[in-house]
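Visitor: Below are the C-alpha cells for one structure; questions will follow.
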Amino acid sequence: MRNRKVFAVLLLAVSLAGCAARVKNVTNLPPGVTQKQAQDWDVAVQKLNQISALTTSARTAIIEVHTVGLLKDGPAYVAALTTIGKVDEFQLAASAVLKQSPNNFTDSTKTQVQDYIRQIAAQLQTLNQTGVTGIKNPNSQQQIGDLITQITNLTLLILTL
C-alpha cells in the first residue's frame, strides 16, 4: 500500500514536469521590454513552479521511504531533508526575484535567478550523492533519483533562457 502512495506521488510529479510554456504572444509590454524577455520570464516562472511541485513530491517520497523503514534515521535521512529544504529556499528566492519584475526577464533578473538555480543544482548534486544512497530499496532509490533528475533537467532549462 505504501509503495502505491510513493508511486502516485511520482506519477503526479512526472505529469507536472511535461507542461509547455503558456505565453506565445504578450501584448501591452512595458517600454523597453521585449517579447523574448516576457516569454523567458513566463517560462522561468513555470519551471520554478514545476521545481516546487517536484521538490514537494521528492520530500514526500523521502519521508514515506523513511516511514516504511527503507531509509533509516541517520546522516543520509537528515541530509536528504536538509537538502530538500535548501532547494525549496532557493526556489522561493528565485520566484521572489521574478515577482519583483513581472514579465521582464532583464539581464539583471536573469543573473539573479540563474544564481539561485545554480545553488539548486548544487543541492541536487549533494542530495544525489548523500540522501538517495541511504535508501535500501533499489526501486525506491530509482524513483527518488528520477525526481532529482527531473528537477535537475528543469534547472538546466532555466539556465538556457
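So you can find residues: chains in the C-alpha cells are A, B, ... in the order shown, residues in each start at 1, and ligands are numbered from 1 in order.
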Can you list, as a ChimeraX atom specification, every residue of chain A that DSSP puts in alpha helix (DSSP H)?
Guide: /A:2-17,35-67,75-100,107-126,138-159
Visitor: Deliver the residues from the most recent selection as a file, using C-alpha atoms, as a compact mmCIF listing (two decimals), in the first residue's frame.
Guide:
# COMPACT_ATOMS: atom_id res chain seq x y z
CA ARG A 2 2.77 2.44 0.89
CA ASN A 3 4.59 1.71 -2.38
CA ARG A 4 1.37 2.72 -4.18
CA LYS A 5 1.43 6.06 -2.38
CA VAL A 6 5.03 6.66 -3.41
CA PHE A 7 4.15 5.67 -6.98
CA ALA A 8 1.14 8.05 -7.01
CA VAL A 9 3.33 10.93 -5.84
CA LEU A 10 5.90 10.15 -8.51
CA LEU A 11 3.21 9.89 -11.21
CA LEU A 12 1.89 13.34 -10.27
CA ALA A 13 5.40 14.77 -10.43
CA VAL A 14 6.03 13.33 -13.89
CA SER A 15 2.75 14.72 -15.21
CA LEU A 16 3.55 18.21 -13.92
CA ALA A 17 7.01 18.24 -15.48
CA GLN A 35 8.67 39.83 -26.40
CA LYS A 36 11.51 37.37 -25.70
CA GLN A 37 12.08 38.77 -22.20
CA ALA A 38 8.38 38.35 -21.38
CA GLN A 39 8.33 34.80 -22.76
CA ASP A 40 11.52 33.83 -20.94
CA TRP A 41 10.12 35.29 -17.72
CA ASP A 42 6.98 33.19 -18.15
CA VAL A 43 9.00 30.03 -18.83
CA ALA A 44 11.16 30.69 -15.76
CA VAL A 45 8.06 31.15 -13.58
CA GLN A 46 6.53 27.96 -14.94
CA LYS A 47 9.68 25.88 -14.49
CA LEU A 48 10.16 27.18 -10.94
CA ASN A 49 6.58 26.15 -10.17
CA GLN A 50 7.37 22.69 -11.53
CA ILE A 51 10.54 22.55 -9.44
CA SER A 52 8.42 23.39 -6.41
CA ALA A 53 5.93 20.61 -7.16
CA LEU A 54 8.65 18.05 -7.83
CA THR A 55 10.54 19.06 -4.70
CA THR A 56 7.38 18.53 -2.68
CA SER A 57 6.99 15.12 -4.31
CA ALA A 58 10.60 14.24 -3.54
CA ARG A 59 10.22 15.33 0.09
CA THR A 60 7.01 13.29 0.43
CA ALA A 61 8.65 10.25 -1.15
CA ILE A 62 11.72 10.52 1.10
CA ILE A 63 9.52 10.77 4.20
CA GLU A 64 7.40 7.84 3.01
CA VAL A 65 10.50 5.71 2.34
CA HIS A 66 11.70 6.60 5.84
CA THR A 67 8.30 5.79 7.36
CA PRO A 75 23.01 11.17 8.36
CA ALA A 76 21.50 10.17 4.99
CA TYR A 77 17.94 10.97 6.08
CA VAL A 78 18.94 14.24 7.74
CA ALA A 79 20.99 15.24 4.68
CA ALA A 80 18.11 14.41 2.33
CA LEU A 81 15.58 16.53 4.23
CA THR A 82 18.03 19.38 4.79
CA THR A 83 18.96 19.44 1.12
CA ILE A 84 15.32 19.38 0.01
CA GLY A 85 14.71 22.33 2.36
CA LYS A 86 17.55 24.27 0.75
CA VAL A 87 16.16 23.54 -2.73
CA ASP A 88 12.84 24.98 -1.55
CA GLU A 89 14.60 28.03 -0.11
CA PHE A 90 16.44 28.79 -3.35
CA GLN A 91 13.33 28.15 -5.47
CA LEU A 92 11.35 30.60 -3.34
CA ALA A 93 14.12 33.19 -3.59
CA ALA A 94 14.24 32.86 -7.39
CA SER A 95 10.45 33.16 -7.55
CA ALA A 96 10.58 36.32 -5.42
CA VAL A 97 13.06 37.87 -7.86
CA LEU A 98 10.69 37.14 -10.73
CA LYS A 99 7.72 38.60 -8.84
CA GLN A 100 9.65 41.86 -8.41
CA ASP A 107 19.84 40.63 -17.71
CA SER A 108 19.91 41.59 -14.03
CA THR A 109 16.83 39.48 -13.23
CA LYS A 110 18.15 36.60 -15.29
CA THR A 111 21.51 36.69 -13.48
CA GLN A 112 19.86 36.65 -10.05
CA VAL A 113 17.55 33.78 -10.99
CA GLN A 114 20.39 31.80 -12.56
CA ASP A 115 22.48 32.23 -9.39
CA TYR A 116 19.66 30.65 -7.36
CA ILE A 117 19.22 27.92 -9.96
CA ARG A 118 22.92 27.06 -9.75
CA GLN A 119 22.55 26.76 -5.99
CA ILE A 120 19.57 24.43 -6.51
CA ALA A 121 21.68 22.35 -8.90
CA ALA A 122 24.46 22.11 -6.30
CA GLN A 123 21.97 20.97 -3.65
CA LEU A 124 20.56 18.35 -6.02
CA GLN A 125 24.03 17.01 -6.62
CA THR A 126 24.53 16.75 -2.86
CA PRO A 138 16.57 -0.16 -5.32
CA ASN A 139 13.12 0.71 -6.72
CA SER A 140 12.56 3.49 -4.19
CA GLN A 141 16.10 4.71 -4.74
CA GLN A 142 15.46 4.82 -8.50
CA GLN A 143 12.12 6.63 -8.11
CA ILE A 144 13.60 9.36 -5.94
CA GLY A 145 16.60 9.53 -8.24
CA ASP A 146 14.20 10.09 -11.14
CA LEU A 147 12.60 13.02 -9.31
CA ILE A 148 16.03 14.53 -8.72
CA THR A 149 16.81 14.09 -12.42
CA GLN A 150 13.58 15.83 -13.40
CA ILE A 151 14.32 18.78 -11.12
CA THR A 152 17.87 18.92 -12.48
CA ASN A 153 16.53 18.99 -16.05
CA LEU A 154 14.24 21.89 -15.15
CA THR A 155 17.17 23.81 -13.69
CA LEU A 156 19.08 23.27 -16.93
CA LEU A 157 16.13 24.63 -18.93
CA ILE A 158 16.05 27.80 -16.85
CA LEU A 159 19.80 28.25 -17.23
Visitor: Distance CA of Pro31 in chain A-CA of Leu161 in chain A, one decimal place?
Guide: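 That distance, rounded to one decimal, is 21.0 Å.
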Visitor: For CA of Asn25 in chain A and CA of Thr160 in chain A, determine how far apart the two atoms are, in Å to one decimal place.
Guide: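 We find that CA of Asn25 in chain A and CA of Thr160 in chain A lie 20.0 Å from each other.
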